[in-house]
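**Student:** Structure: entry-v8.cif, mmCIF, C-alpha atoms and all ligand atoms.
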```
data_data
#
loop_
_atom_site.label_atom_id
_atom_site.label_comp_id
_atom_site.auth_asym_id
_atom_site.auth_seq_id
_atom_site.Cartn_x
_atom_site.Cartn_y
_atom_site.Cartn_z
CA MET L 1 94.84 -52.85 36.66
CA ASN L 2 96.85 -54.21 39.57
CA GLU L 3 98.31 -50.75 40.14
CA TYR L 4 94.78 -49.35 40.38
CA ASP L 5 93.69 -52.24 42.63
CA SER L 6 96.73 -51.85 44.91
CA ASN L 7 95.94 -48.16 45.40
CA ARG L 8 92.30 -48.96 46.14
CA ILE L 9 93.33 -51.67 48.64
CA LEU L 10 95.55 -49.10 50.35
CA ASP L 11 92.69 -46.55 50.43
CA THR L 12 90.53 -49.27 52.01
CA VAL L 13 92.90 -50.53 54.72
CA LYS L 14 93.66 -46.95 55.80
CA LYS L 15 90.14 -47.02 57.27
CA ILE L 16 91.31 -49.57 59.85
CA GLY L 17 94.54 -47.79 60.63
CA TYR L 18 97.10 -49.22 58.17
CA GLU L 19 99.60 -46.98 56.37
CA LYS L 20 101.98 -47.73 53.54
CA THR L 21 105.64 -48.22 54.47
CA GLU L 22 108.62 -48.40 52.14
CA LYS L 23 110.62 -50.44 54.67
CA TYR L 24 109.99 -54.17 54.88
CA ASP L 25 111.07 -54.49 58.51
CA ASP L 26 108.64 -51.78 59.61
CA ALA L 27 105.63 -53.70 58.33
CA ASN L 28 103.18 -55.47 60.58
CA CYS L 29 101.16 -56.47 57.55
CA TYR L 30 102.58 -57.61 54.23
CA LEU L 31 100.28 -57.68 51.21
CA LEU L 32 101.34 -59.05 47.85
CA ASN L 33 99.01 -58.13 44.99
CA THR L 34 99.69 -60.72 42.33
CA CYS L 35 99.30 -61.01 38.57
CA HIS L 36 98.74 -64.30 36.78
CA ILE L 37 99.50 -63.12 33.26
CA ARG L 38 103.26 -63.59 33.39
CA ASP L 39 105.05 -66.91 33.24
CA LYS L 40 105.61 -68.84 36.49
CA ALA L 41 103.44 -66.40 38.45
CA LYS L 42 102.69 -68.94 41.17
CA GLU L 43 106.34 -69.86 41.78
CA LYS L 44 107.25 -66.17 41.94
CA VAL L 45 104.74 -65.67 44.75
CA TYR L 46 106.18 -68.51 46.85
CA SER L 47 109.73 -67.33 46.25
CA GLU L 48 108.76 -63.78 47.29
CA ILE L 49 107.16 -65.16 50.45
CA GLY L 50 110.40 -67.07 51.10
CA ARG L 51 112.27 -63.75 50.92
CA VAL L 52 109.85 -62.09 53.37
CA LYS L 53 110.15 -65.06 55.71
CA LYS L 54 113.91 -64.52 55.88
CA ILE L 55 113.50 -60.80 56.65
CA PHE L 56 111.21 -61.65 59.56
CA ARG L 57 113.19 -64.68 60.81
CA PHE L 58 114.13 -62.97 64.08
CA LYS L 59 111.21 -60.57 64.28
CA LYS L 60 107.51 -60.75 65.01
CA LYS L 61 105.77 -62.31 62.02
CA PRO L 62 103.66 -59.79 60.04
CA LEU L 63 100.16 -60.56 58.86
CA VAL L 64 100.70 -61.97 55.35
CA ILE L 65 98.02 -61.49 52.69
CA ILE L 66 98.11 -62.67 49.09
CA ALA L 67 95.72 -60.75 46.84
CA GLY L 68 95.08 -60.65 43.08
CA CYS L 69 94.81 -63.23 40.34
CA VAL L 70 97.28 -65.81 41.66
CA ALA L 71 95.33 -65.77 44.93
CA GLN L 72 92.16 -66.36 42.90
CA ALA L 73 93.65 -69.23 40.93
CA GLU L 74 95.33 -70.96 43.88
CA ASN L 75 92.93 -70.10 46.74
CA GLN L 76 92.98 -72.78 49.53
CA GLU L 77 96.11 -74.36 48.10
CA MET L 78 98.17 -71.29 49.12
CA LEU L 79 97.19 -71.65 52.77
CA ARG L 80 97.99 -75.36 52.67
CA ARG L 81 101.33 -75.02 50.90
CA GLU L 82 102.75 -72.02 52.77
CA PRO L 83 101.80 -71.65 56.46
CA PHE L 84 103.46 -68.21 56.51
CA ILE L 85 100.47 -66.96 54.45
CA ASP L 86 97.49 -65.93 56.59
CA LEU L 87 94.86 -64.62 54.18
CA VAL L 88 94.12 -65.12 50.49
CA ILE L 89 91.91 -62.54 48.73
CA GLY L 90 90.86 -62.69 45.08
CA PRO L 91 90.55 -59.57 42.87
CA GLN L 92 86.74 -59.48 43.12
CA ALA L 93 86.73 -59.74 46.91
CA TYR L 94 89.14 -57.08 48.10
CA HIS L 95 86.30 -54.88 49.32
CA LYS L 96 86.04 -57.45 52.14
CA ILE L 97 89.65 -56.95 53.14
CA ASN L 98 89.01 -54.87 56.28
CA ASP L 99 86.52 -57.36 57.73
CA THR L 100 88.81 -60.23 56.80
CA ILE L 101 91.81 -58.63 58.52
CA LEU L 102 89.86 -57.66 61.64
CA ASN L 103 88.39 -61.13 61.85
CA TYR L 104 91.85 -62.65 61.57
CA VAL L 105 93.34 -60.34 64.20
CA GLU L 106 90.54 -61.30 66.60
CA LYS L 107 90.20 -65.04 65.94
CA LYS L 108 93.49 -65.96 64.21
CA ARG L 109 91.48 -67.95 61.68
CA LYS L 110 93.11 -68.29 58.26
CA LEU L 111 90.74 -67.49 55.45
CA GLU L 112 90.39 -67.48 51.70
CA GLU L 113 88.01 -64.99 50.01
CA THR L 114 87.74 -65.67 46.31
CA GLU L 115 84.09 -65.12 45.38
CA PHE L 116 83.33 -63.24 42.15
CA ASP L 117 81.32 -60.29 43.40
CA ALA L 118 82.20 -57.27 41.26
CA VAL L 119 78.87 -55.49 41.91
CA THR L 120 79.32 -55.37 45.68
CA LYS L 121 83.01 -54.63 45.33
CA PHE L 122 82.48 -51.47 43.31
CA GLU L 123 79.49 -50.38 45.40
CA TYR L 124 81.68 -50.64 48.50
CA LEU L 125 84.68 -48.96 46.88
CA SER L 126 82.60 -46.05 45.61
CA LYS L 127 82.24 -44.98 49.25
CA ILE L 128 86.02 -44.88 49.72
CA LYS L 129 87.81 -42.01 48.02
CA ASN L 130 90.43 -42.78 45.37
CA LYS L 131 93.47 -40.90 46.71
CA VAL L 132 95.88 -41.51 43.87
CA GLY L 133 97.72 -38.17 44.33
CA LYS L 134 99.08 -38.09 40.78
CA VAL L 135 98.55 -36.05 37.61
CA SER L 136 97.64 -39.17 35.64
CA SER L 137 95.34 -41.78 37.14
CA PHE L 138 93.76 -45.07 36.22
CA LEU L 139 90.05 -45.55 36.71
CA THR L 140 88.60 -49.05 36.42
CA ILE L 141 85.28 -49.03 34.56
CA GLN L 142 85.00 -52.67 33.57
CA GLU L 143 86.35 -55.98 34.77
CA GLY L 144 86.41 -59.56 33.64
CA CYS L 145 86.23 -61.20 30.27
CA ASP L 146 83.83 -63.46 28.35
CA LYS L 147 86.11 -64.00 25.34
CA PHE L 148 88.07 -67.08 26.49
CA CYS L 149 91.08 -66.77 24.24
CA HIS L 150 92.67 -70.20 24.47
CA PHE L 151 95.93 -68.95 26.02
CA CYS L 152 94.52 -66.63 28.68
CA VAL L 153 93.66 -67.05 32.38
CA VAL L 154 91.77 -63.78 32.81
CA PRO L 155 88.24 -65.19 32.36
CA TYR L 156 89.03 -67.68 35.14
CA THR L 157 90.73 -65.26 37.55
CA ARG L 158 88.73 -62.06 37.01
CA GLY L 159 85.37 -63.64 36.22
CA PRO L 160 82.71 -62.60 33.68
CA GLU L 161 82.50 -59.15 32.09
CA TYR L 162 81.06 -56.55 34.42
CA SER L 163 80.60 -52.82 33.75
CA ARG L 164 80.36 -50.33 36.60
CA PRO L 165 77.36 -47.98 36.57
CA PRO L 166 78.21 -44.65 34.88
CA ARG L 167 77.23 -42.60 37.96
CA GLN L 168 79.87 -44.37 40.09
CA ILE L 169 82.52 -43.78 37.43
CA LEU L 170 81.65 -40.12 36.87
CA ASP L 171 81.70 -39.45 40.62
CA GLU L 172 85.13 -41.04 40.88
CA ALA L 173 86.36 -39.07 37.85
CA LYS L 174 85.08 -35.81 39.39
CA TYR L 175 86.80 -36.61 42.69
CA LEU L 176 90.05 -37.35 40.85
CA ALA L 177 89.79 -34.09 38.87
CA ASP L 178 89.10 -32.09 42.06
CA ASN L 179 92.23 -33.60 43.58
CA GLY L 180 94.76 -32.75 40.91
CA VAL L 181 94.32 -35.53 38.33
CA ARG L 182 94.47 -34.16 34.77
CA GLU L 183 94.60 -37.38 32.76
CA ILE L 184 92.34 -40.39 33.24
CA THR L 185 93.00 -43.79 31.73
CA LEU L 186 89.81 -45.84 31.76
CA LEU L 187 90.66 -49.43 32.56
CA GLY L 188 89.14 -52.81 31.86
CA GLN L 189 90.29 -56.24 30.75
CA ASN L 190 87.91 -55.61 27.86
CA VAL L 191 87.43 -51.90 28.30
CA ASN L 192 85.63 -51.38 24.99
CA ALA L 193 83.06 -54.05 25.91
CA TYR L 194 81.86 -51.49 28.51
CA GLU L 195 78.08 -51.27 28.48
CA SER L 196 75.68 -50.23 31.22
CA ASN L 197 72.00 -50.02 30.24
CA GLY L 198 72.89 -48.85 26.76
CA PHE L 199 75.57 -46.40 28.00
CA ARG L 200 78.79 -47.31 26.22
CA LEU L 201 82.49 -46.46 26.39
CA SER L 202 81.99 -43.71 23.78
CA ASP L 203 79.32 -42.09 26.01
CA LEU L 204 81.59 -42.34 29.02
CA ILE L 205 84.48 -40.66 27.21
CA LEU L 206 82.27 -37.76 26.14
CA SER L 207 80.86 -37.40 29.68
CA ILE L 208 84.26 -37.45 31.38
CA GLU L 209 85.74 -34.90 29.04
CA LYS L 210 83.09 -32.42 30.14
CA LEU L 211 85.07 -32.11 33.39
CA ASN L 212 87.11 -28.97 32.77
CA ASP L 213 90.09 -30.05 34.84
CA ILE L 214 90.51 -33.29 32.92
CA LYS L 215 92.75 -32.56 29.96
CA ARG L 216 93.23 -36.02 28.53
CA VAL L 217 91.32 -39.29 28.37
CA ARG L 218 92.71 -42.71 27.40
CA TYR L 219 91.37 -46.26 27.64
CA THR L 220 92.94 -49.68 27.76
CA THR L 221 92.83 -52.64 26.96
CA SER L 222 90.56 -53.18 24.00
CA HIS L 223 89.47 -56.13 21.92
CA PRO L 224 89.08 -55.67 18.13
CA LYS L 225 85.63 -57.32 18.26
CA ASP L 226 84.32 -54.54 20.53
CA MET L 227 85.74 -51.69 18.46
CA THR L 228 82.23 -50.58 17.53
CA ASN L 229 81.37 -47.72 15.18
CA ASP L 230 80.25 -45.42 17.99
CA LEU L 231 83.72 -45.77 19.56
CA ILE L 232 85.44 -45.17 16.24
CA GLU L 233 83.21 -42.13 15.59
CA VAL L 234 84.00 -40.66 19.00
CA TYR L 235 87.48 -39.86 17.67
CA LYS L 236 85.72 -37.28 15.48
CA SER L 237 83.76 -35.59 18.24
CA SER L 238 86.01 -35.90 21.30
CA ASN L 239 88.41 -33.10 22.19
CA LYS L 240 90.33 -34.93 24.86
CA LEU L 241 90.61 -38.53 23.70
CA MET L 242 94.30 -39.16 22.94
CA PRO L 243 95.29 -40.36 19.47
CA LEU L 244 96.91 -43.64 20.59
CA VAL L 245 94.87 -46.82 20.25
CA HIS L 246 96.19 -49.81 22.16
CA LEU L 247 94.53 -52.66 20.31
CA PRO L 248 95.99 -56.14 20.92
CA VAL L 249 96.16 -58.27 17.80
CA GLN L 250 98.39 -61.13 19.08
CA SER L 251 99.15 -62.53 15.61
CA GLY L 252 99.12 -61.38 11.99
CA SER L 253 97.81 -64.75 10.79
CA ASN L 254 94.11 -65.56 10.53
CA ARG L 255 94.92 -69.24 10.97
CA ILE L 256 96.64 -68.58 14.31
CA LEU L 257 93.95 -66.13 15.43
CA LYS L 258 91.47 -68.94 14.91
CA LEU L 259 93.58 -71.40 16.90
CA MET L 260 93.81 -68.79 19.66
CA ASN L 261 90.01 -68.32 19.61
CA ARG L 262 90.47 -64.58 19.18
CA ASN L 263 87.19 -64.13 17.32
CA HIS L 264 88.48 -61.51 14.91
CA SER L 265 90.41 -61.58 11.68
CA ILE L 266 93.26 -59.47 10.31
CA GLU L 267 90.78 -57.99 7.83
CA ASN L 268 88.57 -56.82 10.77
CA TYR L 269 91.65 -55.36 12.43
CA LEU L 270 92.81 -53.47 9.35
CA GLU L 271 89.31 -52.16 8.74
CA ILE L 272 89.40 -50.52 12.19
CA PHE L 273 92.90 -49.21 11.47
CA TYR L 274 91.93 -47.60 8.15
CA LYS L 275 88.69 -46.13 9.53
CA LEU L 276 90.54 -44.46 12.40
CA LYS L 277 93.37 -43.23 10.18
CA GLU L 278 90.78 -41.66 7.91
CA ILE L 279 89.26 -39.81 10.85
CA ASN L 280 92.64 -38.60 12.09
CA SER L 281 95.88 -39.50 10.32
CA LYS L 282 97.80 -38.74 13.54
CA ILE L 283 96.23 -41.69 15.37
CA GLU L 284 98.87 -44.31 16.13
CA PHE L 285 98.44 -47.94 17.16
CA SER L 286 100.15 -50.04 19.78
CA SER L 287 99.52 -53.72 20.34
CA ASP L 288 100.33 -57.02 22.08
CA PHE L 289 101.99 -59.87 20.16
CA LEU L 290 102.05 -63.48 21.27
CA ILE L 291 104.89 -65.14 19.38
CA ALA L 292 105.40 -68.86 18.71
CA TYR L 293 101.86 -69.88 19.60
CA PRO L 294 101.56 -73.68 19.13
CA GLY L 295 101.10 -74.35 15.42
CA GLU L 296 102.65 -71.07 14.24
CA GLY L 297 104.44 -71.78 10.96
CA ASN L 298 106.94 -69.61 9.06
CA LYS L 299 104.18 -68.20 6.87
CA ASP L 300 102.04 -67.25 9.91
CA PHE L 301 105.04 -65.56 11.45
CA GLU L 302 105.83 -63.64 8.24
CA ASN L 303 102.21 -62.45 8.23
CA THR L 304 102.76 -60.94 11.69
CA LEU L 305 105.88 -59.13 10.43
CA ASN L 306 103.91 -57.85 7.43
CA LEU L 307 101.17 -56.52 9.70
CA ILE L 308 103.78 -54.66 11.76
CA LYS L 309 105.14 -53.09 8.58
CA LYS L 310 101.65 -52.06 7.49
CA VAL L 311 100.34 -50.62 10.76
CA LYS L 312 103.69 -49.26 12.03
CA PHE L 313 102.79 -49.92 15.65
CA ILE L 314 104.48 -47.87 18.36
CA ASN L 315 105.09 -48.91 22.02
CA SER L 316 103.99 -52.53 21.64
CA TYR L 317 104.46 -55.55 23.87
CA SER L 318 105.65 -58.91 22.59
CA TYR L 319 106.04 -62.26 24.36
CA ILE L 320 106.81 -65.86 23.59
CA PHE L 321 103.85 -68.12 24.28
CA SER L 322 104.06 -70.08 27.53
CA PRO L 323 101.19 -72.23 28.75
CA ARG L 324 98.96 -71.16 31.63
CA PRO L 325 97.42 -73.83 33.87
CA GLY L 326 93.73 -74.43 33.26
CA THR L 327 93.62 -72.85 29.80
CA ILE L 328 92.76 -74.66 26.55
CA SER L 329 96.30 -74.23 25.22
CA GLU L 330 97.91 -75.62 28.36
CA ASN L 331 98.90 -78.95 26.83
CA LEU L 332 99.61 -78.02 23.20
CA ASP L 333 102.97 -78.86 21.62
CA LEU L 334 105.40 -75.99 22.06
CA ILE L 335 107.52 -74.54 19.28
CA ASP L 336 111.21 -75.16 19.98
CA LYS L 337 113.04 -72.53 22.04
CA LYS L 338 115.55 -71.53 19.35
CA THR L 339 112.84 -70.75 16.78
CA SER L 340 110.72 -68.98 19.41
CA PHE L 341 113.57 -66.70 20.50
CA GLU L 342 114.62 -65.96 16.91
CA ARG L 343 111.05 -64.98 16.07
CA LEU L 344 110.71 -62.81 19.14
CA GLU L 345 113.93 -61.03 18.27
CA ARG L 346 112.78 -60.34 14.73
CA ILE L 347 109.40 -59.06 15.93
CA GLN L 348 110.99 -56.83 18.55
CA ASN L 349 113.50 -55.44 16.06
CA ALA L 350 110.66 -54.56 13.69
CA LEU L 351 108.67 -52.93 16.52
CA PHE L 352 111.70 -51.04 17.85
CA GLU L 353 112.52 -49.79 14.37
CA ASN L 354 109.04 -48.24 14.12
CA GLN L 355 109.42 -46.67 17.55
CA ILE L 356 112.85 -45.19 16.80
CA LYS L 357 111.65 -43.82 13.44
CA LYS L 358 108.57 -42.29 15.04
CA ASN L 359 110.61 -40.62 17.80
CA ARG L 360 113.24 -39.35 15.35
CA SER L 361 110.53 -37.81 13.20
CA LEU L 362 109.64 -35.64 16.20
CA GLU L 363 113.12 -34.13 16.57
CA ASN L 364 113.05 -30.35 15.90
CA ASN L 365 109.27 -30.45 16.23
CA ILE L 366 107.03 -29.27 19.03
CA VAL L 367 104.98 -31.80 20.98
CA GLU L 368 102.30 -31.26 23.59
CA VAL L 369 103.22 -32.70 26.96
CA LEU L 370 101.20 -33.18 30.12
CA VAL L 371 103.75 -32.53 32.87
CA GLU L 372 103.61 -35.29 35.49
CA ASN L 373 106.48 -34.71 37.92
CA PHE L 374 110.20 -34.17 38.40
CA THR L 375 112.59 -36.88 37.28
CA GLU L 376 113.94 -39.01 40.14
CA ASP L 377 117.15 -36.96 40.43
CA LYS L 378 114.97 -33.77 40.49
CA THR L 379 117.07 -32.09 37.78
CA LYS L 380 114.38 -32.14 35.06
CA THR L 381 110.64 -32.58 34.66
CA PHE L 382 108.92 -35.33 32.75
CA GLY L 383 105.58 -35.92 31.16
CA ARG L 384 104.00 -37.73 28.26
CA SER L 385 103.17 -36.81 24.69
CA ASN L 386 99.75 -37.45 23.17
CA HIS L 387 101.10 -40.82 22.07
CA MET L 388 102.22 -41.73 25.62
CA THR L 389 105.93 -41.31 24.89
CA SER L 390 107.98 -40.09 27.86
CA VAL L 391 109.34 -36.57 27.42
CA ILE L 392 112.10 -35.13 29.62
CA PHE L 393 112.69 -31.40 29.66
CA ASP L 394 113.57 -28.40 31.83
CA GLY L 395 110.20 -27.54 33.40
CA LYS L 396 109.31 -25.91 36.73
CA GLU L 397 107.26 -27.12 39.66
CA SER L 398 104.42 -24.83 38.56
CA ASP L 399 104.25 -26.70 35.22
CA ILE L 400 103.21 -29.96 36.92
CA GLY L 401 99.64 -30.80 35.94
CA LYS L 402 99.71 -28.47 32.92
CA ILE L 403 99.97 -29.09 29.21
CA VAL L 404 103.08 -27.43 27.79
CA GLN L 405 104.72 -27.23 24.37
CA VAL L 406 108.13 -28.89 24.22
CA LYS L 407 110.57 -28.60 21.34
CA ILE L 408 112.29 -31.96 20.89
CA HIS L 409 116.08 -31.91 20.41
CA LYS L 410 116.97 -35.54 20.90
CA SER L 411 115.31 -38.93 21.12
CA ASN L 412 115.97 -42.57 21.77
CA ARG L 413 113.64 -45.55 21.44
CA SER L 414 111.56 -44.79 24.51
CA THR L 415 112.13 -41.12 25.38
CA LEU L 416 112.08 -37.66 23.85
CA PHE L 417 114.31 -34.87 25.24
CA GLY L 418 113.65 -31.15 24.73
CA GLU L 419 112.86 -27.74 26.15
CA ILE L 420 109.69 -25.82 26.80
CA VAL L 421 109.07 -23.30 24.06
CA ASP L 422 105.75 -21.80 24.97
CA ASN L 423 104.19 -22.17 28.34
CA SER L 424 101.43 -19.66 27.85
CA ASN L 425 99.39 -21.49 25.27
CA GLN L 426 97.96 -24.38 27.22
CA LYS L 427 95.67 -25.61 24.56
CA VAL L 428 94.16 -29.02 25.00
CA ALA L 429 95.10 -31.84 22.62
S1 LIG R 501 90.14 -60.91 25.38
FE1 LIG R 501 92.01 -60.45 26.53
S2 LIG R 501 91.47 -60.83 28.68
FE2 LIG R 501 89.90 -61.84 27.44
S3 LIG R 501 90.57 -63.95 27.20
FE3 LIG R 501 91.35 -62.82 25.41
S4 LIG R 501 93.40 -62.11 25.99
FE4 LIG R 501 92.36 -62.75 27.90
#
```
Mind turning this structure into structure tokens?

**Tutor:**
Amino acid sequence: MNEYDSNRILDTVKKIGYEKTEKYDDANCYLLNTCHIRDKAKEKVYSEIGRVKKIFRFKKKPLVIIAGCVAQAENQEMLRREPFIDLVIGPQAYHKINDTILNYVEKKRKLEETEFDAVTKFEYLSKIKNKVGKVSSFLTIQEGCDKFCHFCVVPYTRGPEYSRPPRQILDEAKYLADNGVREITLLGQNVNAYESNGFRLSDLILSIEKLNDIKRVRYTTSHPKDMTNDLIEVYKSSNKLMPLVHLPVQSGSNRILKLMNRNHSIENYLEIFYKLKEINSKIEFSSDFLIAYPGEGNKDFENTLNLIKKVKFINSYSYIFSPRPGTISENLDLIDKKTSFERLERIQNALFENQIKKNRSLENNIVEVLVENFTEDKTKTFGRSNHMTSVIFDGKESDIGKIVQVKIHKSNRSTLFGEIVDNSNQKVA
């Protein structure tokens, strides 16, 4: 979501004459869009500002803006602690960025904007075109979270659940399609909680796929509780919804899920899994795992390993629990480091094994790939399979933005390598 937000911030500040530069020393404005999910997020911001300070030691100081969730969580404190910072803008207030900058340039008054105002933000942003310039683009449809998992800061930094009106989203999708985007990933902290006057995520998927130029639709990140039947059923009727479901489970133990306040059980999760597999056996799952949550015993941990064996997740994320300030689990007793690292290693090995097996099973087979660009060294092209796996092959510039058939010769854990076998049949997944 921060990638989407950063692009939208750039689209916005262009209106008052700013351009993106790759060179630090060229900048007269430095904006850091921050994420609070990772460990020590706050310290990382101050250390990054320290680095920028050094770069500008003998030069004119740039305007320094901290945006995103750390800005939201820290607000005034950032201006007090680090005088090099000029403006602090939370994730629901970045539509005010131009006024805030202009006001600062005129009056040199430091300011913090951290109101939760998603409605005005998206109304404002809908008037500014999303110039992503890529084949695959994110599109935020929902923000915030009302779930309050005990380990998570999102409900405090992104505010309550808010769904954008469908018209705004469809206009943005059409603009993206008209400007070369062929794959849209619908974004939200709780994307499948999307609901606007009875119009749900399933309706949105079916509406977006009516755009001829859009070849693929994805959505992330979901909560098992909001995996409603209409969304499950849409896998039957949709032609463009990709068969990869990213559905965070966090733990394979009902006891731990309860301690985490996840509001779903493993039985609920498996029910969704089996229903979707019945609709289309090619649907794969990926997930997020939070390892060594306070109170996690050996049996709980083994249950997580068993779930991984059962579901055979691909492309998953796994982390050791670390407390976030202001959350319910902030002061719980931590599991010792040795056990935590051993568990993480075992989980990752199990996940990697699934990934390697899955990729190997594709060798000598043909996969459909949406071609995104050349590789960095420009010698090959790359794209993604239906299951989001990177594929590198010998395509041409004219293939970019198209769906091609690639025969896979080789694979490793994260990438498939092959050659185009049939470029004429550009059937949609
Ligand atoms: S549902 Fe996701 S975003 Fe919301 S509190 Fe839980 S982990 Fe955080």

**Student:** Would you mind telling me which residue in L:Ile266, L:Asn303, L:Pro294, L:Val191 lies nearest to Lys337 in chain L when using all atoms listed in the file?

**Tutor:** L:Pro294

**Student:** Output the neighbourhood of ligand LIG 501 (chain R) as a ChimeraX atom specification, that is, all protein and nucleic acid residues with some atom at most 12 Å from the ligand, counting only C-alpha atoms and all ligand atoms.

**Tutor:** /L:1,36-37,142-161,188-193,220-226,247-251,257,260-264,287-290,324,327-329

**Student:** Would you list the contacts of Tyr194 in chain L as a list in words, taking every protein, DNA or RNA residue within 8 Å and counting all atoms listed in the file, but skipping same-chain residues closer than 6 positions in sequence?

**Tutor:**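 The neighbour list is Ile141, Gln142, Tyr162, Ser163, Arg200 and Leu201 of chain L.
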
**Student:** Quote the spacing between CA of Met227 in chain L and CA of Asp203 in chain L in Å to one decimal place.

**Tutor:**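 Atom-to-atom, CA of Met227 in chain L and CA of Asp203 in chain L are spaced 13.8 Å apart.
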
**Student:** Would you mind reading off the distance between CA of Asn239 in chain L and CA of Ile392 in chain L, one decimal, in Å?

**Tutor:**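 Those two atoms sit 24.9 Å apart.
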
**Student:** What does the structure give for the distance between CA of Thr415 in chain L and CA of Asn359 in chain L, in Å to one decimal?

**Tutor:**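 Between CA of Thr415 in chain L and CA of Asn359 in chain L the gap is 7.7 Å.
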
**Student:** Set the distance at 9 Å and use all atoms listed in the file: which residues neighbour Val245 in chain L once local chain neighbours fewer than 4 positions away are removed? I'd like the list as a list in words.

**Tutor:** Arg218, Tyr219, Thr220, Ser222, Ile283, Glu284, Phe285, Ser286, Ser287 and His387 of chain L

**Student:** Using all atoms listed in the file, pick whichever of L:Arg343, L:Phe138, L:Lys380, L:Ile408 has the shortest atom-to-atom distance to Val367 in chain L.

**Tutor:** L:Ile408

**Student:** With all atoms listed in the file as the atoms that count, which of L:Asn365, L:Val371, L:Ser202, L:Arg216 lies nearest to Lys407 in chain L?

**Tutor:** L:Asn365

**Student:** The residues within 10 Å of (104.3, -59.8, 65.6), using all atoms listed in the file and the coordinates of the file, should be reported as a count of residues only; which are they?

**Tutor:** 9

**Student:** Range 94-100 of chain L: which residues within 7 Å, counting only C-alpha atoms, same-chain residues fewer than 6 positions away excluded, as a compact mmCIF listing (two decimals) with C-alpha atoms, keeping the file's coordinate frame?

**Tutor:**
```txt
# COMPACT_ATOMS: atom_id res chain seq x y z
CA ILE L 9 93.33 -51.67 48.64
CA VAL L 13 92.90 -50.53 54.72
CA ILE L 16 91.31 -49.57 59.85
CA LYS L 121 83.01 -54.63 45.33
CA TYR L 124 81.68 -50.64 48.50
CA LEU L 125 84.68 -48.96 46.88
```

**Student:** Do you know which residues are at most 8 Å from Lys20 in chain L counting all atoms listed in the file, after dropping those on the same chain fewer than 2 positions away, and could you put them as a VMD selection string?

**Tutor:** chain L and resid 10 18 22

**Student:** Selection from above, C-alpha atoms, as a CSV table (one decimal), in the frame of the given file, can you write it?

**Tutor:**
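Saved as result16.csv:
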```csv
chain,number,residue,atom,x,y,z
L,10,LEU,CA,95.6,-49.1,50.4
L,18,TYR,CA,97.1,-49.2,58.2
L,22,GLU,CA,108.6,-48.4,52.1
```

**Student:** Between L:Leu139, L:Pro91, L:Phe321, L:Ala173, which one has atoms that come closest to Ala118 in chain L, using all atoms listed in the file?

**Tutor:** L:Pro91

**Student:** Could you tell me which of L:Leu370, L:Val45, L:Val217, L:Ile314 comes closest to Lys358 in chain L if we count only C-alpha atoms?

**Tutor:**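 Once distances to Lys358 in chain L are computed over only C-alpha atoms, the minimum belongs to L:Ile314.
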
**Student:** List every protein, DNA or RNA residue that has at least one atom no more than 9 Å from (81.4, -39.0, 31.1) in the file's coordinates, counting only C-alpha atoms, and write the result as an NGL selection string.

**Tutor:** :L and (166-167 or 169-170 or 173 or 201-211)

**Student:** Given the choices L:Arg38, L:Lys309, L:Lys127, L:Lys258, which gets closest to Thr12 in chain L if the distance is worked out from only C-alpha atoms?

**Tutor:**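 Once distances to Thr12 in chain L are computed over only C-alpha atoms, the minimum belongs to L:Lys127.
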
**Student:** Counting only C-alpha atoms, what is within 9 Å of Gln72 in chain L, bar same-chain residues fewer than 3 positions away, as number ranges by chain?

**Tutor:** L: 67-69, 75, 88-92, 113-115, 156-158

**Student:** Export, as a PDB file, in the coordinates of the input, the selected residues with C-alpha atoms.

**Tutor:**
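Generated output (again_6.pdb):
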```
ATOM      1  CA  ALA L  67      95.720 -60.750  46.840  1.00  0.00           C
ATOM      2  CA  GLY L  68      95.080 -60.650  43.080  1.00  0.00           C
ATOM      3  CA  CYS L  69      94.810 -63.230  40.340  1.00  0.00           C
ATOM      4  CA  ASN L  75      92.930 -70.100  46.740  1.00  0.00           C
ATOM      5  CA  VAL L  88      94.120 -65.120  50.490  1.00  0.00           C
ATOM      6  CA  ILE L  89      91.910 -62.540  48.730  1.00  0.00           C
ATOM      7  CA  GLY L  90      90.860 -62.690  45.080  1.00  0.00           C
ATOM      8  CA  PRO L  91      90.550 -59.570  42.870  1.00  0.00           C
ATOM      9  CA  GLN L  92      86.740 -59.480  43.120  1.00  0.00           C
ATOM     10  CA  GLU L 113      88.010 -64.990  50.010  1.00  0.00           C
ATOM     11  CA  THR L 114      87.740 -65.670  46.310  1.00  0.00           C
ATOM     12  CA  GLU L 115      84.090 -65.120  45.380  1.00  0.00           C
ATOM     13  CA  TYR L 156      89.030 -67.680  35.140  1.00  0.00           C
ATOM     14  CA  THR L 157      90.730 -65.260  37.550  1.00  0.00           C
ATOM     15  CA  ARG L 158      88.730 -62.060  37.010  1.00  0.00           C
TER      16      ARG L 158
END
```
